$ cat input26.cif   # mmCIF, C-alpha atoms
data_protein
#
loop_
_atom_site.group_PDB
_atom_site.id
_atom_site.type_symbol
_atom_site.label_atom_id
_atom_site.label_comp_id
_atom_site.auth_asym_id
_atom_site.auth_seq_id
_atom_site.Cartn_x
_atom_site.Cartn_y
_atom_site.Cartn_z
ATOM 1 C CA MET S 1 -13.911 3.163 52.671
ATOM 2 C CA LEU S 2 -16.750 5.678 52.574
ATOM 3 C CA MET S 3 -14.258 8.485 52.200
ATOM 4 C CA ALA S 4 -12.731 6.758 49.156
ATOM 5 C CA ILE S 5 -16.096 6.116 47.527
ATOM 6 C CA GLY S 6 -17.225 9.647 48.274
ATOM 7 C CA SER S 7 -14.121 11.347 46.940
ATOM 8 C CA LEU S 8 -14.077 9.249 43.757
ATOM 9 C CA THR S 9 -17.775 9.949 43.163
ATOM 10 C CA ALA S 10 -17.218 13.658 43.664
ATOM 11 C CA MET S 11 -14.273 13.572 41.264
ATOM 12 C CA GLY S 12 -16.275 11.656 38.686
ATOM 13 C CA VAL S 13 -19.202 14.033 38.867
ATOM 14 C CA THR S 14 -17.020 17.152 38.637
ATOM 15 C CA LEU S 15 -14.854 15.905 35.794
ATOM 16 C CA GLY S 16 -17.869 14.488 33.980
ATOM 17 C CA THR S 17 -19.616 17.847 34.167
ATOM 18 C CA ILE S 18 -16.528 19.646 32.866
ATOM 19 C CA LEU S 19 -16.146 17.176 29.978
ATOM 20 C CA GLY S 20 -19.840 17.360 29.155
ATOM 21 C CA ALA S 21 -19.765 21.145 29.100
ATOM 22 C CA ALA S 22 -16.585 21.157 27.001
ATOM 23 C CA ALA S 23 -18.122 18.793 24.463
ATOM 24 C CA LYS S 24 -21.076 21.116 24.153
ATOM 25 C CA PHE S 25 -19.264 24.439 23.966
ATOM 26 C CA LEU S 26 -16.164 23.375 22.072
ATOM 27 C CA ALA S 27 -17.918 21.054 19.618
ATOM 28 C CA VAL S 28 -16.414 21.024 16.119
ATOM 29 C CA GLU S 29 -19.142 21.563 13.614
ATOM 30 C CA GLU S 30 -19.231 18.738 11.130
ATOM 31 C CA ASN S 31 -21.082 18.738 7.913
ATOM 32 C CA PRO S 32 -23.090 15.510 7.922
ATOM 33 C CA LEU S 33 -23.239 15.610 4.130
ATOM 34 C CA GLU S 34 -19.445 15.597 4.003
ATOM 35 C CA GLU S 35 -19.305 12.434 6.085
ATOM 36 C CA GLU S 36 -21.856 10.720 3.859
ATOM 37 C CA LEU S 37 -19.997 11.695 0.698
ATOM 38 C CA LYS S 38 -16.748 10.479 2.193
ATOM 39 C CA ALA S 39 -18.322 7.106 2.871
ATOM 40 C CA MET S 40 -19.284 6.843 -0.803
ATOM 41 C CA LEU S 41 -15.753 7.425 -2.082
ATOM 42 C CA PRO S 42 -13.336 4.491 -2.349
ATOM 43 C CA GLY S 43 -11.259 5.632 0.637
ATOM 44 C CA SER S 44 -7.942 4.500 -0.783
ATOM 45 C CA GLN S 45 -6.513 8.069 -0.567
ATOM 46 C CA CYS S 46 -4.952 7.652 -4.002
ATOM 47 C CA GLY S 47 -5.009 11.350 -4.810
ATOM 48 C CA GLN S 48 -5.963 10.993 -8.464
ATOM 49 C CA CYS S 49 -8.696 13.625 -8.027
ATOM 50 C CA GLY S 50 -6.082 16.203 -7.145
ATOM 51 C CA PHE S 51 -7.002 16.355 -3.474
ATOM 52 C CA ILE S 52 -4.846 14.922 -0.718
ATOM 53 C CA GLY S 53 -7.354 12.229 0.111
ATOM 54 C CA CYS S 54 -10.968 11.188 -0.016
ATOM 55 C CA GLY S 55 -11.884 13.357 2.994
ATOM 56 C CA GLN S 56 -10.697 16.539 1.288
ATOM 57 C CA ALA S 57 -12.442 15.507 -1.929
ATOM 58 C CA ALA S 58 -15.686 14.955 -0.017
ATOM 59 C CA ALA S 59 -15.364 18.403 1.578
ATOM 60 C CA ALA S 60 -14.953 20.012 -1.842
ATOM 61 C CA LEU S 61 -17.903 18.041 -3.186
ATOM 62 C CA ALA S 62 -20.088 19.139 -0.295
ATOM 63 C CA LYS S 63 -19.213 22.762 -0.996
ATOM 64 C CA GLY S 64 -19.907 22.252 -4.687
ATOM 65 C CA GLU S 65 -16.327 23.089 -5.604
ATOM 66 C CA ALA S 66 -15.599 19.805 -7.329
ATOM 67 C CA PRO S 67 -17.445 17.916 -10.062
ATOM 68 C CA VAL S 68 -19.051 14.588 -9.222
ATOM 69 C CA THR S 69 -16.869 12.985 -11.865
ATOM 70 C CA LEU S 70 -13.713 13.718 -9.885
ATOM 71 C CA CYS S 71 -12.965 10.159 -8.807
ATOM 72 C CA PRO S 72 -11.221 8.059 -11.505
ATOM 73 C CA PRO S 73 -11.139 4.768 -9.579
ATOM 74 C CA GLY S 74 -14.780 5.193 -8.595
ATOM 75 C CA GLY S 75 -15.821 5.487 -12.220
ATOM 76 C CA LYS S 76 -19.331 5.954 -13.452
ATOM 77 C CA ALA S 77 -20.977 4.201 -10.535
ATOM 78 C CA VAL S 78 -19.518 6.576 -7.928
ATOM 79 C CA ALA S 79 -20.199 9.624 -10.126
ATOM 80 C CA GLU S 80 -23.859 8.625 -10.467
ATOM 81 C CA ALA S 81 -24.219 7.929 -6.754
ATOM 82 C CA LEU S 82 -22.629 11.273 -5.851
ATOM 83 C CA ALA S 83 -24.887 13.143 -8.297
ATOM 84 C CA LYS S 84 -27.936 11.440 -6.803
ATOM 85 C CA LYS S 85 -26.859 12.306 -3.271
ATOM 86 C CA LEU S 86 -26.182 15.933 -4.149
ATOM 87 C CA GLY S 87 -29.416 16.133 -6.127
ATOM 88 C CA ILE S 88 -27.757 17.307 -9.295
ATOM 89 C CA THR S 89 -27.708 15.810 -12.745
ATOM 90 C CA ALA S 90 -24.381 15.016 -14.254
ATOM 91 C CA ASP S 91 -23.786 14.398 -17.903
ATOM 92 C CA LEU S 92 -22.090 11.029 -17.957
ATOM 93 C CA SER S 93 -22.625 10.230 -21.621
ATOM 94 C CA GLU S 94 -19.118 11.431 -22.403
ATOM 95 C CA HIS S 95 -17.686 9.603 -19.454
ATOM 96 C CA GLU S 96 -15.265 6.946 -20.442
ATOM 97 C CA GLU S 97 -14.861 4.107 -18.031
ATOM 98 C CA LYS S 98 -11.246 3.499 -17.228
ATOM 99 C CA VAL S 99 -10.193 -0.107 -17.247
ATOM 100 C CA PRO S 100 -8.711 -1.083 -13.885
ATOM 101 C CA GLU S 101 -4.960 -1.026 -14.069
ATOM 102 C CA TYR S 102 -2.025 -2.058 -11.998
ATOM 103 C CA ALA S 103 1.541 -0.886 -12.015
ATOM 104 C CA PHE S 104 4.326 -3.042 -13.351
ATOM 105 C CA ILE S 105 8.067 -2.492 -13.079
ATOM 106 C CA ASN S 106 10.376 -3.001 -16.017
ATOM 107 C CA GLU S 107 13.272 -4.573 -14.163
ATOM 108 C CA ALA S 108 15.823 -3.597 -16.798
ATOM 109 C CA LEU S 109 15.227 0.076 -15.936
ATOM 110 C CA CYS S 110 14.702 0.056 -12.162
ATOM 111 C CA ILE S 111 17.572 1.806 -10.388
ATOM 112 C CA GLY S 112 16.344 1.170 -6.855
ATOM 113 C CA CYS S 113 15.712 4.797 -5.954
ATOM 114 C CA THR S 114 12.730 4.048 -3.588
ATOM 115 C CA ARG S 115 10.820 7.064 -4.849
ATOM 116 C CA CYS S 116 7.819 4.973 -5.914
ATOM 117 C CA ILE S 117 7.798 3.196 -2.551
ATOM 118 C CA ARG S 118 7.422 6.508 -0.750
ATOM 119 C CA GLU S 119 4.508 7.452 -3.011
ATOM 120 C CA CYS S 120 2.519 4.248 -2.594
ATOM 121 C CA SER S 121 -0.383 4.702 -0.192
ATOM 122 C CA VAL S 122 -1.136 0.987 0.052
ATOM 123 C CA ASP S 123 2.397 -0.397 0.553
ATOM 124 C CA ALA S 124 2.127 -2.349 -2.666
ATOM 125 C CA ILE S 125 5.773 -1.886 -3.621
ATOM 126 C CA LEU S 126 8.463 -4.085 -2.221
ATOM 127 C CA GLY S 127 12.029 -2.913 -2.380
ATOM 128 C CA ALA S 128 14.818 -1.011 -0.712
ATOM 129 C CA ASN S 129 17.553 1.404 -1.635
ATOM 130 C CA LYS S 130 19.660 0.110 -4.586
ATOM 131 C CA LEU S 131 17.708 -3.146 -4.650
ATOM 132 C CA MET S 132 15.073 -4.325 -7.092
ATOM 133 C CA HIS S 133 11.587 -2.914 -6.583
ATOM 134 C CA THR S 134 8.592 -5.117 -7.266
ATOM 135 C CA ILE S 135 4.886 -4.314 -7.321
ATOM 136 C CA ILE S 136 2.702 -6.641 -5.302
ATOM 137 C CA ALA S 137 -0.196 -6.759 -7.731
ATOM 138 C CA GLU S 138 -2.951 -7.667 -5.285
ATOM 139 C CA PRO S 139 -3.042 -4.499 -3.152
ATOM 140 C CA CYS S 140 -2.202 -2.198 -6.117
ATOM 141 C CA HIS S 141 -5.250 -0.118 -6.998
ATOM 142 C CA GLY S 142 -3.780 1.538 -10.043
ATOM 143 C CA CYS S 143 -3.521 5.125 -8.803
ATOM 144 C CA ALA S 144 -0.437 5.650 -10.996
ATOM 145 C CA LYS S 145 1.343 7.850 -8.464
ATOM 146 C CA CYS S 146 4.437 5.636 -8.720
ATOM 147 C CA PHE S 147 4.197 5.816 -12.502
ATOM 148 C CA ALA S 148 4.338 9.604 -12.256
ATOM 149 C CA VAL S 149 7.444 9.801 -10.074
ATOM 150 C CA CYS S 150 9.614 7.065 -11.581
ATOM 151 C CA PRO S 151 12.742 8.864 -12.846
ATOM 152 C CA THR S 152 13.592 6.223 -15.443
ATOM 153 C CA ASP S 153 10.084 5.452 -16.756
ATOM 154 C CA ALA S 154 10.526 1.910 -15.471
ATOM 155 C CA ILE S 155 6.920 1.745 -14.250
ATOM 156 C CA VAL S 156 4.159 1.043 -16.726
ATOM 157 C CA MET S 157 0.437 0.874 -16.023
ATOM 158 C CA ARG S 158 -1.103 -2.316 -17.323
ATOM 159 C CA PRO S 159 -4.755 -3.300 -17.545
ATOM 160 C CA ILE S 160 -5.613 -6.074 -15.128
ATOM 161 C CA GLU S 161 -5.809 -9.261 -17.138
ATOM 162 C CA VAL S 162 -8.881 -11.440 -16.915
ATOM 163 C CA THR S 163 -7.994 -14.541 -14.980
ATOM 164 C CA LEU S 164 -10.018 -16.920 -12.848
ATOM 165 C CA GLY S 165 -9.016 -14.774 -9.885
ATOM 166 C CA THR S 166 -10.009 -11.383 -11.294
ATOM 167 C CA TRP S 167 -13.021 -12.118 -13.494
ATOM 168 C CA HIS S 168 -16.414 -11.018 -12.268
ATOM 169 C CA TRP S 169 -19.875 -10.396 -13.673
ATOM 170 C CA SER S 170 -20.318 -6.902 -15.015
ATOM 171 C CA LYS S 171 -22.474 -4.673 -12.845
ATOM 172 C CA PRO S 172 -26.077 -4.137 -13.926
ATOM 173 C CA GLY S 173 -26.425 -1.178 -16.261
ATOM 174 C CA ASP S 174 -22.702 -0.964 -16.661
ATOM 175 C CA GLY S 175 -22.873 -1.592 -20.383
ATOM 176 C CA HIS S 176 -19.256 -2.620 -20.331
ATOM 177 C CA ALA S 177 -17.682 -5.949 -20.796
ATOM 178 C CA VAL S 178 -15.993 -7.672 -17.938
ATOM 179 C CA HIS S 179 -12.497 -6.717 -17.076
ATOM 180 C CA MET L 180 19.722 -26.216 24.871
ATOM 181 C CA LEU L 181 18.955 -24.271 21.730
ATOM 182 C CA LEU L 182 15.807 -26.307 21.185
ATOM 183 C CA SER L 183 14.521 -25.627 24.651
ATOM 184 C CA THR L 184 14.943 -21.874 24.278
ATOM 185 C CA VAL L 185 12.958 -21.975 21.060
ATOM 186 C CA GLN L 186 10.194 -23.875 22.802
ATOM 187 C CA ILE L 187 10.109 -21.430 25.673
ATOM 188 C CA LYS L 188 9.837 -18.611 23.195
ATOM 189 C CA PHE L 189 6.920 -20.322 21.505
ATOM 190 C CA MET L 190 5.134 -20.789 24.796
ATOM 191 C CA GLY L 191 5.211 -17.057 25.251
ATOM 192 C CA ASP L 192 3.331 -14.565 23.131
ATOM 193 C CA SER L 193 3.345 -14.976 19.412
ATOM 194 C CA ILE L 194 3.108 -12.102 16.964
ATOM 195 C CA ASN L 195 1.752 -11.982 13.454
ATOM 196 C CA ILE L 196 4.030 -10.876 10.674
ATOM 197 C CA GLU L 197 4.245 -11.163 6.917
ATOM 198 C CA VAL L 198 7.159 -12.458 4.927
ATOM 199 C CA VAL L 199 7.143 -11.387 1.301
ATOM 200 C CA TYR L 200 9.205 -12.425 -1.683
ATOM 201 C CA ALA L 201 8.234 -10.801 -4.948
ATOM 202 C CA LEU L 202 8.958 -11.695 -8.553
ATOM 203 C CA PRO L 203 7.574 -9.653 -11.454
ATOM 204 C CA HIS L 204 4.697 -12.037 -12.100
ATOM 205 C CA GLU L 205 4.385 -13.774 -8.790
ATOM 206 C CA GLN L 206 4.376 -12.233 -5.380
ATOM 207 C CA ILE L 207 3.898 -14.424 -2.356
ATOM 208 C CA VAL L 208 2.850 -13.003 0.966
ATOM 209 C CA PHE L 209 3.342 -15.443 3.819
ATOM 210 C CA LYS L 210 1.288 -14.520 6.843
ATOM 211 C CA VAL L 211 2.967 -16.270 9.724
ATOM 212 C CA PRO L 212 2.761 -16.219 13.484
ATOM 213 C CA VAL L 213 6.204 -16.141 15.051
ATOM 214 C CA PRO L 214 7.205 -16.172 18.693
ATOM 215 C CA ALA L 215 7.675 -12.744 20.200
ATOM 216 C CA GLY L 216 11.362 -11.907 20.190
ATOM 217 C CA ALA L 217 12.063 -13.736 16.926
ATOM 218 C CA THR L 218 14.638 -12.282 14.587
ATOM 219 C CA VAL L 219 14.210 -11.483 10.915
ATOM 220 C CA PHE L 220 16.286 -14.535 10.059
ATOM 221 C CA GLU L 221 14.094 -16.839 12.168
ATOM 222 C CA ALA L 222 10.948 -15.322 10.713
ATOM 223 C CA ILE L 223 12.098 -16.022 7.168
ATOM 224 C CA LYS L 224 12.987 -19.606 8.100
ATOM 225 C CA LEU L 225 9.629 -20.145 9.820
ATOM 226 C CA SER L 226 7.638 -18.743 6.904
ATOM 227 C CA GLY L 227 8.623 -21.601 4.603
ATOM 228 C CA VAL L 228 9.522 -19.232 1.764
ATOM 229 C CA LEU L 229 12.903 -20.935 1.396
ATOM 230 C CA GLN L 230 11.242 -24.238 0.537
ATOM 231 C CA ILE L 231 9.121 -22.680 -2.196
ATOM 232 C CA HIS L 232 11.873 -20.462 -3.576
ATOM 233 C CA PRO L 233 15.100 -22.391 -3.126
ATOM 234 C CA GLU L 234 16.920 -19.754 -5.196
ATOM 235 C CA ILE L 235 16.818 -17.426 -2.180
ATOM 236 C CA ASP L 236 20.208 -17.430 -0.547
ATOM 237 C CA LEU L 237 20.078 -15.660 2.783
ATOM 238 C CA ALA L 238 23.793 -15.014 2.539
ATOM 239 C CA LYS L 239 23.298 -13.150 -0.737
ATOM 240 C CA ASN L 240 19.747 -11.810 -0.848
ATOM 241 C CA ARG L 241 19.368 -8.744 1.317
ATOM 242 C CA PHE L 242 16.275 -8.395 3.456
ATOM 243 C CA GLY L 243 14.497 -5.753 5.445
ATOM 244 C CA ILE L 244 11.295 -4.555 7.027
ATOM 245 C CA TYR L 245 8.999 -2.232 5.116
ATOM 246 C CA GLY L 246 11.607 -0.928 2.706
ATOM 247 C CA LYS L 247 14.387 -0.539 5.280
ATOM 248 C CA LEU L 248 17.290 -2.956 5.150
ATOM 249 C CA SER L 249 17.785 -4.889 8.342
ATOM 250 C CA LYS L 250 20.289 -7.329 9.762
ATOM 251 C CA ALA L 251 19.566 -11.009 10.296
ATOM 252 C CA ASP L 252 19.409 -10.534 14.062
ATOM 253 C CA THR L 253 16.992 -7.599 14.011
ATOM 254 C CA LEU L 254 13.948 -8.419 16.109
ATOM 255 C CA VAL L 255 10.611 -8.445 14.327
ATOM 256 C CA ARG L 256 7.636 -6.648 15.795
ATOM 257 C CA ASP L 257 3.941 -7.350 15.474
ATOM 258 C CA LYS L 258 2.526 -6.553 12.000
ATOM 259 C CA ASP L 259 5.976 -6.137 10.447
ATOM 260 C CA ARG L 260 6.408 -7.020 6.801
ATOM 261 C CA VAL L 261 9.679 -8.824 6.351
ATOM 262 C CA GLU L 262 10.785 -8.391 2.762
ATOM 263 C CA ILE L 263 13.343 -10.398 0.845
ATOM 264 C CA TYR L 264 14.931 -8.332 -1.894
ATOM 265 C CA ARG L 265 16.544 -9.154 -5.193
ATOM 266 C CA PRO L 266 19.518 -7.322 -6.683
ATOM 267 C CA LEU L 267 19.112 -4.727 -9.426
ATOM 268 C CA ILE L 268 19.546 -5.857 -12.994
ATOM 269 C CA ALA L 269 20.388 -2.454 -14.388
ATOM 270 C CA ASP L 270 23.389 -0.384 -13.444
ATOM 271 C CA PRO L 271 21.902 2.925 -12.250
ATOM 272 C CA LYS L 272 24.781 4.900 -13.746
ATOM 273 C CA GLU L 273 24.323 3.189 -17.094
ATOM 274 C CA VAL L 274 20.550 3.886 -17.100
ATOM 275 C CA ARG L 275 21.198 7.562 -16.390
ATOM 276 C CA ARG L 276 23.867 7.744 -19.103
ATOM 277 C CA GLN L 277 21.504 6.177 -21.625
ATOM 278 C CA ARG L 278 18.689 8.543 -20.772
ATOM 279 C CA ALA L 279 21.042 11.472 -21.124
ATOM 280 C CA ALA L 280 22.191 10.160 -24.499
ATOM 281 C CA GLU L 281 18.595 9.882 -25.671
ATOM 282 C CA GLY L 282 18.014 13.438 -24.555
ATOM 283 C CA LYS L 283 15.513 12.513 -21.869
ATOM 284 C CA ALA L 284 15.876 14.203 -18.528
ATOM 285 C CA MET L 285 15.498 12.330 -15.289
ATOM 286 C CA LYS L 286 12.144 13.311 -13.831
ATOM 287 C CA LYS L 287 11.744 15.300 -10.644
ATOM 288 C CA GLY L 288 15.240 16.400 -9.800
ATOM 289 C CA GLY L 289 16.894 13.360 -11.284
ATOM 290 C CA GLU L 290 19.103 12.237 -8.462
ATOM 291 C CA ALA L 291 18.164 8.969 -6.879
#

$ encode --input "input26.cif" --output "structure tokens"
Amino acid sequence: MLMAIGSLTAMGVTLGTILGAAAKFLAVEENPLEEELKAMLPGSQCGQCGFIGCGQAAAALAKGEAPVTLCPPGGKAVAEALAKKLGITADLSEHEEKVPEYAFINEALCIGCTRCIRECSVDAILGANKLMHTIIAEPCHGCAKCFAVCPTDAIVMRPIEVTLGTWHWSKPGDGHAVH
Amino acid sequence: MLLSTVQIKFMGDSINIEVVYALPHEQIVFKVPVPAGATVFEAIKLSGVLQIHPEIDLAKNRFGIYGKLSKADTLVRDKDRVEIYRPLIADPKEVRRQRAAEGKAMKKGGEA
């Protein structure tokens, strides 16, 4: 009994010390600013900024290699917040707010190639090889990656219509009508 | 006999899956708990999608899990999305022929 307790304690202490030392000496240096910027981006990994995902975009922002206006889905609000965080002023007067869109498939042109399905980062496309593909509108965040790869131009981007389900008050200072 | 096995299955663990049937303007996602060890066929039956869309014919409509066609007796796993597909309207060969006739190339390599 005592032997068991003793040996386990000794093991715990030794391994704990090794792990503690490893965490200290092998620590990966993280830029805290990068983490904060990442938290401000939408996080949908849509890739519209040209980076693989929001993490890479945040890294570029932190290094000052990307403009604060890089995020199309984030729009003006995210651009302003990023500029404030980075302590720079961004000229947003020219910035045109993009209306939220969703993808829609023209069924007469879909050939069931599954290419759009492989592109979708939110699994918003339902379909299989040589069978009809359909966009599930609710998860679609309008990144247009499927639109770009469709070989037959069957996918069109449509503005989200105002319905009882999608209407909301415009944000303060937005200056734009509801969408 | 069959009934009792179903009950035994239900007394065991249940898993949460989604059954989805999508039309251009209406997509319904059924979030349903099914007994562990249920098949795709059972999951579709349990979801109630057949009552809402009586046009679905499980002998004709193909179905699958996350974009991969599956058989009726495939077992579903936790968090699977069982999808019921509809046939294509267009003939892929015809679409390609038309695009070629209009002088438009198929994007990105072309082959599907």

$ residues_near_point --input "input26.cif" --point "(10.3, -6.0, 0.0)" --cutoff "9 Å" --atoms "all atoms listed in the file" --output "ChimeraX atom specification"
/S:125-128,132-134 /L:198-201,242-247,260-265

$ resolve_selection --input "input26.cif" --expression "the PyMOL selection byres ((chain S) within 9 of (chain L))" --output "PyMOL selection string"
chain S and resi 104-115+117+123+125-138+148-153

$ atom_distance --input "input26.cif" --atom1 "CA of Leu37 (chain S)" --atom2 "CA of Pro72 (chain S)"
15.5 Å

$ residues_around --input "input26.cif" --residues "region 45-52 of chain S" --least-positions-apart "3" --cutoff "12 Å" --atoms "all atoms listed in the file" --output "PyMOL selection string"
chain S and resi 38+41-42+55-61+65-75+119-123+140-146+148

$ axis_aligned_box --input "input26.cif" --around "region 130-137 of chain S" --padding-each-side "4 Å" --output "lines of an AutoDock Vina configuration file"
center_x = 9.7
center_y = -3.3
center_z = -6.2
size_x = 27.9
size_y = 14.9
size_z = 11.1

$ residues_near_point --input "input26.cif" --point "(13.4, -15.6, 7.5)" --cutoff "10 Å" --atoms "all atoms listed in the file" --output "PyMOL selection string"
chain L and resi 198-199+217-229+237+242+251+261-263

$ write_last_selection --input "input26.cif" --atoms "C-alpha atoms" --output "compact mmCIF listing (two decimals), keeping the file's coordinate frame"
# COMPACT_ATOMS: atom_id res chain seq x y z
CA VAL L 198 7.16 -12.46 4.93
CA VAL L 199 7.14 -11.39 1.30
CA ALA L 217 12.06 -13.74 16.93
CA THR L 218 14.64 -12.28 14.59
CA VAL L 219 14.21 -11.48 10.92
CA PHE L 220 16.29 -14.54 10.06
CA GLU L 221 14.09 -16.84 12.17
CA ALA L 222 10.95 -15.32 10.71
CA ILE L 223 12.10 -16.02 7.17
CA LYS L 224 12.99 -19.61 8.10
CA LEU L 225 9.63 -20.14 9.82
CA SER L 226 7.64 -18.74 6.90
CA GLY L 227 8.62 -21.60 4.60
CA VAL L 228 9.52 -19.23 1.76
CA LEU L 229 12.90 -20.94 1.40
CA LEU L 237 20.08 -15.66 2.78
CA PHE L 242 16.27 -8.40 3.46
CA ALA L 251 19.57 -11.01 10.30
CA VAL L 261 9.68 -8.82 6.35
CA GLU L 262 10.78 -8.39 2.76
CA ILE L 263 13.34 -10.40 0.84

$ residues_around --input "input26.cif" --residues "Gly43 (chain S)" --least-positions-apart "3" --cutoff "8 Å" --atoms "only C-alpha atoms" --output "PyMOL selection string"
chain S and resi 38-39+53-54

$ write_last_selection --input "input26.cif" --atoms "C-alpha atoms" --output "short mmCIF file (atom, residue, chain, number, x, y, z; two decimals), keeping the file's coordinate frame"
data_model
loop_
_atom_site.label_atom_id
_atom_site.label_comp_id
_atom_site.auth_asym_id
_atom_site.auth_seq_id
_atom_site.Cartn_x
_atom_site.Cartn_y
_atom_site.Cartn_z
CA LYS S 38 -16.75 10.48 2.19
CA ALA S 39 -18.32 7.11 2.87
CA GLY S 53 -7.35 12.23 0.11
CA CYS S 54 -10.97 11.19 -0.02
#

$ residues_around --input "input26.cif" --residues "Lys85 (chain S)" --least-positions-apart "6" --cutoff "10 Å" --atoms "all atoms listed in the file" --output "VMD selection string"
chain S and resid 33 36 to 37 40 79

$ atom_distance --input "input26.cif" --atom1 "CA of Thr14 (chain S)" --atom2 "CA of Val28 (chain S)"
22.9 Å

$ atom_distance --input "input26.cif" --atom1 "CA of Lys76 (chain S)" --atom2 "CA of Asn31 (chain S)"
25.0 Å

$ residues_around --input "input26.cif" --residues "Ser193 (chain L)" --least-positions-apart "3" --cutoff "7 Å" --atoms "all atoms listed in the file" --output "short mmCIF file (atom, residue, chain, number, x, y, z; two decimals) with C-alpha atoms, in the coordinates of the input"
data_model
loop_
_atom_site.label_atom_id
_atom_site.label_comp_id
_atom_site.auth_asym_id
_atom_site.auth_seq_id
_atom_site.Cartn_x
_atom_site.Cartn_y
_atom_site.Cartn_z
CA PHE L 189 6.92 -20.32 21.50
CA PRO L 212 2.76 -16.22 13.48
CA VAL L 213 6.20 -16.14 15.05
CA PRO L 214 7.20 -16.17 18.69
CA ALA L 215 7.68 -12.74 20.20
#

$ closest_residue --input "input26.cif" --among "L:Lys239, L:Arg256, L:His232, L:Arg276" --to "Gly216 (chain L)" --atoms "only C-alpha atoms"
L:Arg256
